[in-house]
$ cat work.txt   # compact mmCIF, C-alpha atoms
# COMPACT_ATOMS: atom_id res chain seq x y z
CA ALA A 1 112.52 102.10 101.55
CA GLN A 2 112.71 105.80 101.00
CA THR A 3 112.73 108.13 103.98
CA VAL A 4 112.35 111.88 104.26
CA THR A 5 113.62 113.78 107.29
CA GLN A 6 112.73 117.30 108.31
CA SER A 7 114.88 118.12 111.32
CA GLN A 8 113.17 121.39 112.27
CA PRO A 9 109.75 120.77 113.86
CA GLU A 10 109.19 124.53 114.21
CA MET A 11 110.69 127.67 112.71
CA SER A 12 109.90 131.34 112.94
CA VAL A 13 110.77 134.30 110.75
CA GLN A 14 110.20 138.02 110.86
CA GLU A 15 107.93 139.39 108.19
CA ALA A 16 109.94 140.45 105.10
CA GLU A 17 112.93 138.35 106.17
CA THR A 18 114.25 135.12 104.63
CA VAL A 19 113.97 131.66 106.11
CA THR A 20 115.31 128.27 105.04
CA LEU A 21 113.61 124.98 105.82
CA SER A 22 115.72 121.83 105.72
CA CYS A 23 114.98 118.43 104.27
CA THR A 24 117.09 115.35 103.71
CA TYR A 25 116.05 112.11 102.08
CA ASP A 26 117.35 108.66 101.49
CA THR A 27 116.92 106.74 98.26
CA SER A 28 118.81 104.35 96.04
CA GLU A 29 117.09 105.65 92.91
CA SER A 30 118.66 108.12 90.49
CA ASP A 31 115.47 109.51 88.91
CA TYR A 32 112.86 110.92 91.24
CA TYR A 33 110.99 114.08 92.16
CA LEU A 34 111.05 116.23 95.25
CA PHE A 35 108.35 118.57 96.44
CA TRP A 36 107.55 121.11 99.07
CA TYR A 37 103.90 121.27 100.10
CA LYS A 38 102.30 123.94 102.24
CA GLN A 39 99.44 123.09 104.58
CA PRO A 40 97.66 126.10 106.11
CA PRO A 41 95.12 125.72 108.92
CA SER A 42 92.48 124.95 106.28
CA ARG A 43 94.48 121.65 105.89
CA GLN A 44 94.46 121.87 102.11
CA MET A 45 97.72 120.52 100.66
CA ILE A 46 99.18 123.17 98.36
CA LEU A 47 102.12 122.48 96.09
CA VAL A 48 104.81 125.12 96.59
CA ILE A 49 107.63 123.89 94.39
CA ARG A 50 108.80 120.81 92.52
CA GLN A 51 112.28 119.60 91.57
CA GLU A 52 113.18 116.89 89.10
CA ALA A 53 116.28 114.99 90.23
CA TYR A 54 117.77 114.89 86.73
CA LYS A 55 117.81 118.70 86.59
CA GLN A 56 120.87 120.35 88.08
CA GLN A 57 119.23 123.77 88.11
CA ASN A 58 117.43 124.62 91.32
CA ALA A 59 113.71 125.25 90.95
CA THR A 60 112.26 128.67 91.76
CA GLU A 61 108.70 129.91 92.08
CA ASN A 62 108.49 133.63 92.81
CA ARG A 63 109.64 134.05 96.44
CA PHE A 64 110.26 130.33 96.87
CA SER A 65 113.45 128.59 95.80
CA VAL A 66 115.20 125.36 96.61
CA ASN A 67 118.77 124.29 97.16
CA PHE A 68 118.96 120.78 95.71
CA GLN A 69 122.12 118.86 96.52
CA LYS A 70 121.69 115.44 94.92
CA ALA A 71 124.91 113.89 96.18
CA ALA A 72 124.16 115.00 99.72
CA LYS A 73 120.46 114.07 99.33
CA SER A 74 119.46 117.46 100.61
CA PHE A 75 116.53 119.60 99.47
CA SER A 76 116.03 122.85 101.38
CA LEU A 77 113.36 125.48 100.78
CA LYS A 78 114.15 129.18 100.96
CA ILE A 79 111.33 131.65 101.41
CA SER A 80 112.30 135.23 100.66
CA ASP A 81 110.43 138.35 101.76
CA SER A 82 108.28 136.28 104.13
CA GLN A 83 104.64 137.24 104.36
CA LEU A 84 102.02 136.57 107.04
CA GLY A 85 100.27 134.25 104.62
CA ASP A 86 103.34 132.01 104.53
CA ALA A 87 102.59 130.81 108.06
CA ALA A 88 101.73 127.12 107.74
CA MET A 89 103.04 123.58 108.01
CA TYR A 90 105.53 122.75 105.28
CA PHE A 91 106.11 119.21 104.15
CA CYS A 92 108.97 117.91 102.10
CA ALA A 93 108.03 114.95 99.91
CA TYR A 94 109.78 112.44 97.68
CA GLU A 95 108.25 110.67 94.71
CA TYR A 96 109.63 107.81 92.70
CA SER A 97 107.58 107.36 89.58
CA GLY A 98 109.01 104.06 88.50
CA ALA A 99 106.37 101.68 87.13
CA GLY A 100 103.85 104.51 87.30
CA SER A 101 103.28 104.23 91.03
CA TYR A 102 103.60 107.96 91.91
CA GLN A 103 103.87 107.17 95.60
CA LEU A 104 104.73 110.16 97.78
CA THR A 105 106.83 109.80 100.94
CA PHE A 106 106.48 112.75 103.29
CA GLY A 107 108.59 114.17 106.07
CA LYS A 108 106.97 115.00 109.40
CA GLY A 109 106.73 118.66 108.58
CA THR A 110 108.01 122.03 109.80
CA LYS A 111 105.63 124.51 111.36
CA LEU A 112 106.52 127.99 110.16
CA SER A 113 105.41 131.04 112.10
CA VAL A 114 105.72 134.54 110.65
CA ILE A 115 106.18 137.34 113.16
CA PRO A 116 104.72 140.72 112.16
CA ASN B 117 86.58 121.58 86.80
CA ALA B 118 85.96 120.64 90.43
CA GLY B 119 89.35 118.91 90.80
CA VAL B 120 89.46 116.33 93.58
CA THR B 121 86.45 116.25 95.86
CA GLN B 122 86.00 114.36 99.11
CA THR B 123 82.93 113.68 101.21
CA PRO B 124 82.21 114.01 104.04
CA LYS B 125 84.44 116.77 105.44
CA PHE B 126 83.94 115.57 109.01
CA GLN B 127 82.74 112.26 110.46
CA VAL B 128 82.43 110.77 113.93
CA LEU B 129 82.10 107.00 114.26
CA LYS B 130 81.82 104.56 117.11
CA THR B 131 84.24 101.66 117.38
CA GLY B 132 83.10 98.82 115.17
CA GLN B 133 81.01 100.91 112.79
CA SER B 134 81.70 100.86 109.09
CA MET B 135 81.73 103.71 106.61
CA THR B 136 82.98 104.78 103.21
CA LEU B 137 84.96 107.90 102.49
CA GLN B 138 84.20 109.15 99.01
CA CYS B 139 86.71 110.58 96.56
CA ALA B 140 86.05 111.75 93.03
CA GLN B 141 88.03 113.58 90.38
CA ASP B 142 86.91 115.07 87.08
CA MET B 143 90.33 115.40 85.43
CA ASN B 144 90.37 111.92 83.87
CA HIS B 145 93.37 110.99 85.99
CA GLU B 146 94.42 107.36 85.94
CA TYR B 147 96.29 107.34 89.23
CA MET B 148 94.49 107.92 92.53
CA SER B 149 95.56 107.36 96.08
CA TRP B 150 94.55 107.66 99.73
CA TYR B 151 96.74 109.08 102.49
CA ARG B 152 96.22 109.51 106.19
CA GLN B 153 97.72 112.28 108.30
CA ASP B 154 98.20 111.84 112.04
CA PRO B 155 99.36 114.56 114.46
CA GLY B 156 103.09 115.20 114.18
CA MET B 157 103.32 113.04 111.10
CA GLY B 158 103.41 113.64 107.42
CA LEU B 159 100.97 111.93 105.12
CA ARG B 160 101.26 108.17 104.77
CA LEU B 161 100.01 106.16 101.82
CA ILE B 162 97.14 103.74 102.51
CA HIS B 163 96.13 102.41 99.08
CA TYR B 164 96.50 103.48 95.51
CA SER B 165 95.12 102.69 92.08
CA VAL B 166 96.82 103.00 88.69
CA GLY B 167 93.54 102.69 86.80
CA ALA B 168 90.02 101.31 86.90
CA GLY B 169 90.01 97.78 88.25
CA ILE B 170 93.57 97.97 89.62
CA THR B 171 94.44 98.71 93.24
CA ASP B 172 97.42 98.06 95.47
CA GLN B 173 98.53 98.58 99.06
CA GLY B 174 100.60 101.40 100.38
CA GLU B 175 102.49 101.80 103.63
CA VAL B 176 99.54 101.51 106.07
CA PRO B 177 96.76 99.43 104.44
CA ASN B 178 95.47 97.44 107.43
CA GLY B 179 91.83 98.10 108.27
CA TYR B 180 91.01 99.69 104.93
CA ASN B 181 89.55 98.42 101.66
CA VAL B 182 89.42 100.12 98.29
CA SER B 183 88.02 99.43 94.86
CA ARG B 184 88.14 101.32 91.58
CA SER B 185 85.21 100.59 89.31
CA THR B 186 85.43 103.87 87.38
CA THR B 187 88.21 106.31 86.50
CA GLU B 188 86.47 109.07 88.44
CA ASP B 189 85.82 107.44 91.82
CA PHE B 190 88.07 105.84 94.42
CA PRO B 191 86.21 105.15 97.69
CA LEU B 192 87.94 104.12 100.90
CA ARG B 193 86.09 101.70 103.17
CA LEU B 194 86.53 101.17 106.87
CA LEU B 195 84.87 97.84 107.64
CA SER B 196 85.15 98.00 111.44
CA ALA B 197 86.40 101.35 112.66
CA ALA B 198 88.97 101.49 115.47
CA PRO B 199 90.19 104.48 117.51
CA SER B 200 93.60 104.07 115.83
CA GLN B 201 91.93 105.12 112.58
CA THR B 202 91.18 108.57 113.94
CA SER B 203 92.99 110.76 111.44
CA VAL B 204 92.65 113.17 108.56
CA TYR B 205 92.28 111.40 105.23
CA PHE B 206 93.38 112.84 101.91
CA CYS B 207 92.64 111.63 98.44
CA ALA B 208 94.99 112.56 95.59
CA SER B 209 95.15 112.06 91.85
CA ILE B 210 97.66 112.58 89.07
CA GLY B 211 97.52 112.40 85.33
CA ALA B 212 99.98 110.53 83.16
CA GLY B 213 103.25 112.17 82.26
CA TYR B 214 106.21 113.49 84.14
CA THR B 215 105.11 117.12 83.89
CA ASP B 216 102.01 116.62 85.98
CA THR B 217 101.75 116.88 89.75
CA GLN B 218 99.42 115.36 92.28
CA TYR B 219 96.21 117.14 93.15
CA PHE B 220 94.91 116.70 96.68
CA GLY B 221 91.34 116.80 97.90
CA PRO B 222 90.37 118.97 100.88
CA GLY B 223 90.54 116.08 103.36
CA THR B 224 88.13 114.28 105.69
CA ARG B 225 88.58 114.51 109.44
CA LEU B 226 87.50 111.21 110.98
CA THR B 227 87.12 110.60 114.69
CA VAL B 228 86.51 107.10 116.03
CA LEU B 229 85.25 106.96 119.60

$ encode --input "work.txt" --output "structure tokens"
Amino acid sequence: AQTVTQSQPEMSVQEAETVTLSCTYDTSESDYYLFWYKQPPSRQMILVIRQEAYKQQNATENRFSVNFQKAAKSFSLKISDSQLGDAAMYFCAYEYSGAGSYQLTFGKGTKLSVIP
Amino acid sequence: NAGVTQTPKFQVLKTGQSMTLQCAQDMNHEYMSWYRQDPGMGLRLIHYSVGAGITDQGEVPNGYNVSRSTTEDFPLRLLSAAPSQTSVYFCASIGAGYTDTQYFGPGTRLTVL
């Protein structure tokens, strides 16, 4: 079974600074997808960034970028120029889409605080 | 396009009561799923459906029933609620194709006393 581990229950960052959230996963599959979701106090799950395992290039979305190390099964999220609105829970998730199942496996999350 | 909708937003039940959490999507997505989120945990898959008439179990299916009679709707039934089912429940859907991503509903907070 796949597992996703987020080793940092809580992190904090100064506004305008950069922070990196860690995620490792375990799988025997070669083709899969990795995601970072943001969950603000409203509890809505918001997709931040997505990475396809077959792509060597790291995904980026504006201030958000990932460091995807397939051999090490590591998928960290870097937030640049942190803003107060970035404060939230962040979940790393793995998806294997074999046989069209689209099942997501989530880590336990990292609570990010942004200090003004 | 309303996306994925869930009702109710909040619900309090007594142990042993039954209820149905509603989920609907208007994006013609084939795949729908239910997750639960407990404190200090990520979301865990309860049940999923790959199309109308087809459902299967996820990681934590005990105590829950699902059915999928239409593409749009995927209700989750609690037949006899237990305090261990106190949680936040999310419904999600995804269209076919590797370029799509899952859309989540706003969640239902359920408390079982």

$ closest_atom_pairs --input "work.txt" --of "chain B" --to "chain A" --cutoff "8 Å" --atoms "only C-alpha atoms" --output "Markdown table"
| residue | atom | partner | partner_atom | distance |
| --- | --- | --- | --- | --- |
| B:Tyr147 | CA | A:Tyr102 | CA | 7.8 |
| B:Gly156 | CA | A:Lys108 | CA | 6.2 |
| B:Met157 | CA | A:Lys108 | CA | 4.5 |
| B:Gly158 | CA | A:Lys108 | CA | 4.3 |
| B:Leu159 | CA | A:Phe106 | CA | 5.9 |
| B:Arg160 | CA | A:Thr105 | CA | 7.0 |
| B:Leu161 | CA | A:Leu104 | CA | 7.4 |
| B:Val166 | CA | A:Ser101 | CA | 7.0 |
| B:Phe220 | CA | A:Met45 | CA | 6.2 |
| B:Gly221 | CA | A:Gln44 | CA | 7.3 |
| B:Pro222 | CA | A:Gln44 | CA | 5.2 |
| B:Gly223 | CA | A:Gln44 | CA | 7.1 |

$ closest_residue --input "work.txt" --among "B:Arg193, B:His163, B:Arg152, B:Arg184" --to "Gln133 (chain B)" --atoms "all atoms listed in the file"
B:Arg193

$ atom_distance --input "work.txt" --atom1 "CA of Thr3 (chain A)" --atom2 "CA of Thr27 (chain A)"
7.2 Å

$ axis_aligned_box --input "work.txt" --around "region 164-167 of chain B" --padding-each-side "8 Å" --output "JSON"
{"center_x": 95.2, "center_y": 103.1, "center_z": 91.2, "size_x": 19.3, "size_y": 16.8, "size_z": 24.7}

$ residues_around --input "work.txt" --residues "Val228 (chain B)" --least-positions-apart "3" --cutoff "8 Å" --atoms "all atoms listed in the file" --output "list in words"
Val128, Leu129, Lys130, Thr131, Ala197, Ala198, Pro199, Ser200, Gln201 and Thr202 of chain B

$ atom_distance --input "work.txt" --atom1 "CA of Gln141 (chain B)" --atom2 "CA of Lys125 (chain B)"
15.8 Å

$ atom_distance --input "work.txt" --atom1 "CA of Tyr180 (chain B)" --atom2 "CA of Asn117 (chain B)"
28.8 Å

$ residues_around --input "work.txt" --residues "Gln138 (chain B)" --least-positions-apart "3" --cutoff "10 Å" --atoms "all atoms listed in the file" --output "VMD selection string"
chain B and resid 121 to 125 135 189 to 193 207 224

$ residues_around --input "work.txt" --residues "Val13 (chain A)" --least-positions-apart "4" --cutoff "8 Å" --atoms "only C-alpha atoms" --output "list in words"
Glu17, Thr18, Val19, Ser82, Leu112, Ser113, Val114 and Ile115 of chain A

$ residues_near_point --input "work.txt" --point "(118.6, 111.1, 96.8)" --cutoff "12 Å" --atoms "all atoms listed in the file" --output "MDAnalysis selection string"
chainID A and resid 1:5 23:34 51:54 68:75 93:96

$ write_last_selection --input "work.txt" --atoms "C-alpha atoms" --output "compact mmCIF listing (two decimals), in the coordinates of the input"
# COMPACT_ATOMS: atom_id res chain seq x y z
CA ALA A 1 112.52 102.10 101.55
CA GLN A 2 112.71 105.80 101.00
CA THR A 3 112.73 108.13 103.98
CA VAL A 4 112.35 111.88 104.26
CA THR A 5 113.62 113.78 107.29
CA CYS A 23 114.98 118.43 104.27
CA THR A 24 117.09 115.35 103.71
CA TYR A 25 116.05 112.11 102.08
CA ASP A 26 117.35 108.66 101.49
CA THR A 27 116.92 106.74 98.26
CA SER A 28 118.81 104.35 96.04
CA GLU A 29 117.09 105.65 92.91
CA SER A 30 118.66 108.12 90.49
CA ASP A 31 115.47 109.51 88.91
CA TYR A 32 112.86 110.92 91.24
CA TYR A 33 110.99 114.08 92.16
CA LEU A 34 111.05 116.23 95.25
CA GLN A 51 112.28 119.60 91.57
CA GLU A 52 113.18 116.89 89.10
CA ALA A 53 116.28 114.99 90.23
CA TYR A 54 117.77 114.89 86.73
CA PHE A 68 118.96 120.78 95.71
CA GLN A 69 122.12 118.86 96.52
CA LYS A 70 121.69 115.44 94.92
CA ALA A 71 124.91 113.89 96.18
CA ALA A 72 124.16 115.00 99.72
CA LYS A 73 120.46 114.07 99.33
CA SER A 74 119.46 117.46 100.61
CA PHE A 75 116.53 119.60 99.47
CA ALA A 93 108.03 114.95 99.91
CA TYR A 94 109.78 112.44 97.68
CA GLU A 95 108.25 110.67 94.71
CA TYR A 96 109.63 107.81 92.70

$ decode --input "work.txt" --residues "region 68-83 of chain A" --atoms "all heavy atoms" --output "PDB file, in the first residue's frame"
ATOM      1  N   PHE A  68      10.972  17.593  -6.948  1.00  0.00           N
ATOM      2  CA  PHE A  68      10.551  16.206  -7.109  1.00  0.00           C
ATOM      3  C   PHE A  68      11.774  15.346  -7.330  1.00  0.00           C
ATOM      4  O   PHE A  68      12.487  15.509  -8.335  1.00  0.00           O
ATOM      5  CB  PHE A  68       9.579  16.086  -8.282  1.00  0.00           C
ATOM      6  CG  PHE A  68       9.194  14.690  -8.643  1.00  0.00           C
ATOM      7  CD1 PHE A  68       8.781  13.790  -7.677  1.00  0.00           C
ATOM      8  CD2 PHE A  68       9.236  14.271  -9.968  1.00  0.00           C
ATOM      9  CE1 PHE A  68       8.416  12.500  -8.021  1.00  0.00           C
ATOM     10  CE2 PHE A  68       8.880  12.978 -10.331  1.00  0.00           C
ATOM     11  CZ  PHE A  68       8.465  12.095  -9.344  1.00  0.00           C
ATOM     12  N   GLN A  69      12.028  14.455  -6.409  1.00  0.00           N
ATOM     13  CA  GLN A  69      13.153  13.527  -6.501  1.00  0.00           C
ATOM     14  C   GLN A  69      12.571  12.113  -6.546  1.00  0.00           C
ATOM     15  O   GLN A  69      12.286  11.521  -5.501  1.00  0.00           O
ATOM     16  CB  GLN A  69      14.083  13.688  -5.299  1.00  0.00           C
ATOM     17  CG  GLN A  69      14.664  15.077  -5.131  1.00  0.00           C
ATOM     18  CD  GLN A  69      15.685  15.400  -6.199  1.00  0.00           C
ATOM     19  OE1 GLN A  69      16.382  14.529  -6.703  1.00  0.00           O
ATOM     20  NE2 GLN A  69      15.753  16.675  -6.564  1.00  0.00           N
ATOM     21  N   LYS A  70      12.401  11.591  -7.779  1.00  0.00           N
ATOM     22  CA  LYS A  70      11.691  10.323  -7.932  1.00  0.00           C
ATOM     23  C   LYS A  70      12.432   9.157  -7.282  1.00  0.00           C
ATOM     24  O   LYS A  70      11.820   8.316  -6.632  1.00  0.00           O
ATOM     25  CB  LYS A  70      11.463  10.029  -9.416  1.00  0.00           C
ATOM     26  CG  LYS A  70      10.521   8.865  -9.659  1.00  0.00           C
ATOM     27  CD  LYS A  70      10.176   8.730 -11.124  1.00  0.00           C
ATOM     28  CE  LYS A  70       9.146   7.611 -11.330  1.00  0.00           C
ATOM     29  NZ  LYS A  70       8.773   7.474 -12.767  1.00  0.00           N
ATOM     30  N   ALA A  71      13.733   9.109  -7.458  1.00  0.00           N
ATOM     31  CA  ALA A  71      14.487   7.986  -6.898  1.00  0.00           C
ATOM     32  C   ALA A  71      14.431   7.998  -5.374  1.00  0.00           C
ATOM     33  O   ALA A  71      14.335   6.955  -4.730  1.00  0.00           O
ATOM     34  CB  ALA A  71      15.930   8.032  -7.377  1.00  0.00           C
ATOM     35  N   ALA A  72      14.459   9.167  -4.806  1.00  0.00           N
ATOM     36  CA  ALA A  72      14.401   9.307  -3.352  1.00  0.00           C
ATOM     37  C   ALA A  72      12.970   9.311  -2.836  1.00  0.00           C
ATOM     38  O   ALA A  72      12.752   9.298  -1.625  1.00  0.00           O
ATOM     39  CB  ALA A  72      15.112  10.587  -2.926  1.00  0.00           C
ATOM     40  N   LYS A  73      11.992   9.331  -3.739  1.00  0.00           N
ATOM     41  CA  LYS A  73      10.566   9.390  -3.370  1.00  0.00           C
ATOM     42  C   LYS A  73      10.311  10.568  -2.438  1.00  0.00           C
ATOM     43  O   LYS A  73       9.715  10.432  -1.359  1.00  0.00           O
ATOM     44  CB  LYS A  73      10.123   8.060  -2.774  1.00  0.00           C
ATOM     45  CG  LYS A  73      10.232   6.918  -3.783  1.00  0.00           C
ATOM     46  CD  LYS A  73       9.788   5.583  -3.211  1.00  0.00           C
ATOM     47  CE  LYS A  73       9.953   4.489  -4.266  1.00  0.00           C
ATOM     48  NZ  LYS A  73       9.644   3.146  -3.741  1.00  0.00           N
ATOM     49  N   SER A  74      10.755  11.707  -2.910  1.00  0.00           N
ATOM     50  CA  SER A  74      10.625  12.940  -2.145  1.00  0.00           C
ATOM     51  C   SER A  74       9.937  13.991  -3.001  1.00  0.00           C
ATOM     52  O   SER A  74      10.183  14.097  -4.204  1.00  0.00           O
ATOM     53  CB  SER A  74      12.018  13.418  -1.723  1.00  0.00           C
ATOM     54  OG  SER A  74      11.969  14.705  -1.173  1.00  0.00           O
ATOM     55  N   PHE A  75       9.077  14.793  -2.368  1.00  0.00           N
ATOM     56  CA  PHE A  75       8.267  15.768  -3.104  1.00  0.00           C
ATOM     57  C   PHE A  75       8.034  16.962  -2.193  1.00  0.00           C
ATOM     58  O   PHE A  75       7.022  17.052  -1.505  1.00  0.00           O
ATOM     59  CB  PHE A  75       6.948  15.099  -3.507  1.00  0.00           C
ATOM     60  CG  PHE A  75       6.030  15.959  -4.335  1.00  0.00           C
ATOM     61  CD1 PHE A  75       6.424  16.439  -5.566  1.00  0.00           C
ATOM     62  CD2 PHE A  75       4.748  16.258  -3.892  1.00  0.00           C
ATOM     63  CE1 PHE A  75       5.567  17.216  -6.339  1.00  0.00           C
ATOM     64  CE2 PHE A  75       3.876  17.027  -4.650  1.00  0.00           C
ATOM     65  CZ  PHE A  75       4.299  17.510  -5.879  1.00  0.00           C
ATOM     66  N   SER A  76       8.944  17.914  -2.179  1.00  0.00           N
ATOM     67  CA  SER A  76       8.826  19.059  -1.286  1.00  0.00           C
ATOM     68  C   SER A  76       8.210  20.249  -2.004  1.00  0.00           C
ATOM     69  O   SER A  76       8.336  20.398  -3.220  1.00  0.00           O
ATOM     70  CB  SER A  76      10.181  19.433  -0.704  1.00  0.00           C
ATOM     71  OG  SER A  76      11.082  19.776  -1.739  1.00  0.00           O
ATOM     72  N   LEU A  77       7.559  21.093  -1.239  1.00  0.00           N
ATOM     73  CA  LEU A  77       6.899  22.295  -1.751  1.00  0.00           C
ATOM     74  C   LEU A  77       7.627  23.528  -1.246  1.00  0.00           C
ATOM     75  O   LEU A  77       7.823  23.670  -0.037  1.00  0.00           O
ATOM     76  CB  LEU A  77       5.441  22.348  -1.286  1.00  0.00           C
ATOM     77  CG  LEU A  77       4.666  23.624  -1.642  1.00  0.00           C
ATOM     78  CD1 LEU A  77       4.407  23.700  -3.141  1.00  0.00           C
ATOM     79  CD2 LEU A  77       3.337  23.679  -0.866  1.00  0.00           C
ATOM     80  N   LYS A  78       8.021  24.397  -2.162  1.00  0.00           N
ATOM     81  CA  LYS A  78       8.652  25.659  -1.794  1.00  0.00           C
ATOM     82  C   LYS A  78       7.693  26.800  -2.071  1.00  0.00           C
ATOM     83  O   LYS A  78       7.150  26.911  -3.179  1.00  0.00           O
ATOM     84  CB  LYS A  78       9.948  25.875  -2.556  1.00  0.00           C
ATOM     85  CG  LYS A  78      10.701  27.126  -2.111  1.00  0.00           C
ATOM     86  CD  LYS A  78      12.096  27.222  -2.735  1.00  0.00           C
ATOM     87  CE  LYS A  78      12.048  27.764  -4.130  1.00  0.00           C
ATOM     88  NZ  LYS A  78      13.415  28.056  -4.642  1.00  0.00           N
ATOM     89  N   ILE A  79       7.481  27.613  -1.052  1.00  0.00           N
ATOM     90  CA  ILE A  79       6.637  28.801  -1.192  1.00  0.00           C
ATOM     91  C   ILE A  79       7.550  30.014  -1.087  1.00  0.00           C
ATOM     92  O   ILE A  79       8.209  30.224  -0.048  1.00  0.00           O
ATOM     93  CB  ILE A  79       5.551  28.861  -0.104  1.00  0.00           C
ATOM     94  CG1 ILE A  79       4.738  27.560  -0.098  1.00  0.00           C
ATOM     95  CG2 ILE A  79       4.637  30.062  -0.335  1.00  0.00           C
ATOM     96  CD1 ILE A  79       3.725  27.477   1.047  1.00  0.00           C
ATOM     97  N   SER A  80       7.604  30.779  -2.131  1.00  0.00           N
ATOM     98  CA  SER A  80       8.439  31.976  -2.163  1.00  0.00           C
ATOM     99  C   SER A  80       7.605  33.206  -1.850  1.00  0.00           C
ATOM    100  O   SER A  80       6.392  33.223  -2.094  1.00  0.00           O
ATOM    101  CB  SER A  80       9.083  32.128  -3.543  1.00  0.00           C
ATOM    102  OG  SER A  80       9.822  30.981  -3.895  1.00  0.00           O
ATOM    103  N   ASP A  81       8.276  34.240  -1.306  1.00  0.00           N
ATOM    104  CA  ASP A  81       7.575  35.500  -1.024  1.00  0.00           C
ATOM    105  C   ASP A  81       6.276  35.222  -0.263  1.00  0.00           C
ATOM    106  O   ASP A  81       5.175  35.612  -0.694  1.00  0.00           O
ATOM    107  CB  ASP A  81       7.297  36.240  -2.333  1.00  0.00           C
ATOM    108  CG  ASP A  81       6.696  37.621  -2.124  1.00  0.00           C
ATOM    109  OD1 ASP A  81       6.932  38.215  -1.052  1.00  0.00           O
ATOM    110  OD2 ASP A  81       5.958  38.080  -3.028  1.00  0.00           O
ATOM    111  N   SER A  82       6.378  34.553   0.856  1.00  0.00           N
ATOM    112  CA  SER A  82       5.192  34.115   1.604  1.00  0.00           C
ATOM    113  C   SER A  82       4.274  35.280   1.936  1.00  0.00           C
ATOM    114  O   SER A  82       4.732  36.377   2.299  1.00  0.00           O
ATOM    115  CB  SER A  82       5.633  33.424   2.898  1.00  0.00           C
ATOM    116  OG  SER A  82       6.368  32.266   2.617  1.00  0.00           O
ATOM    117  N   GLN A  83       2.986  35.005   1.831  1.00  0.00           N
ATOM    118  CA  GLN A  83       1.969  36.009   2.116  1.00  0.00           C
ATOM    119  C   GLN A  83       1.069  35.521   3.249  1.00  0.00           C
ATOM    120  O   GLN A  83       0.974  34.323   3.502  1.00  0.00           O
ATOM    121  CB  GLN A  83       1.146  36.270   0.851  1.00  0.00           C
ATOM    122  CG  GLN A  83       1.985  36.769  -0.312  1.00  0.00           C
ATOM    123  CD  GLN A  83       1.185  36.919  -1.586  1.00  0.00           C
ATOM    124  OE1 GLN A  83      -0.004  36.623  -1.645  1.00  0.00           O
ATOM    125  NE2 GLN A  83       1.850  37.386  -2.634  1.00  0.00           N
TER     126      GLN A  83
END
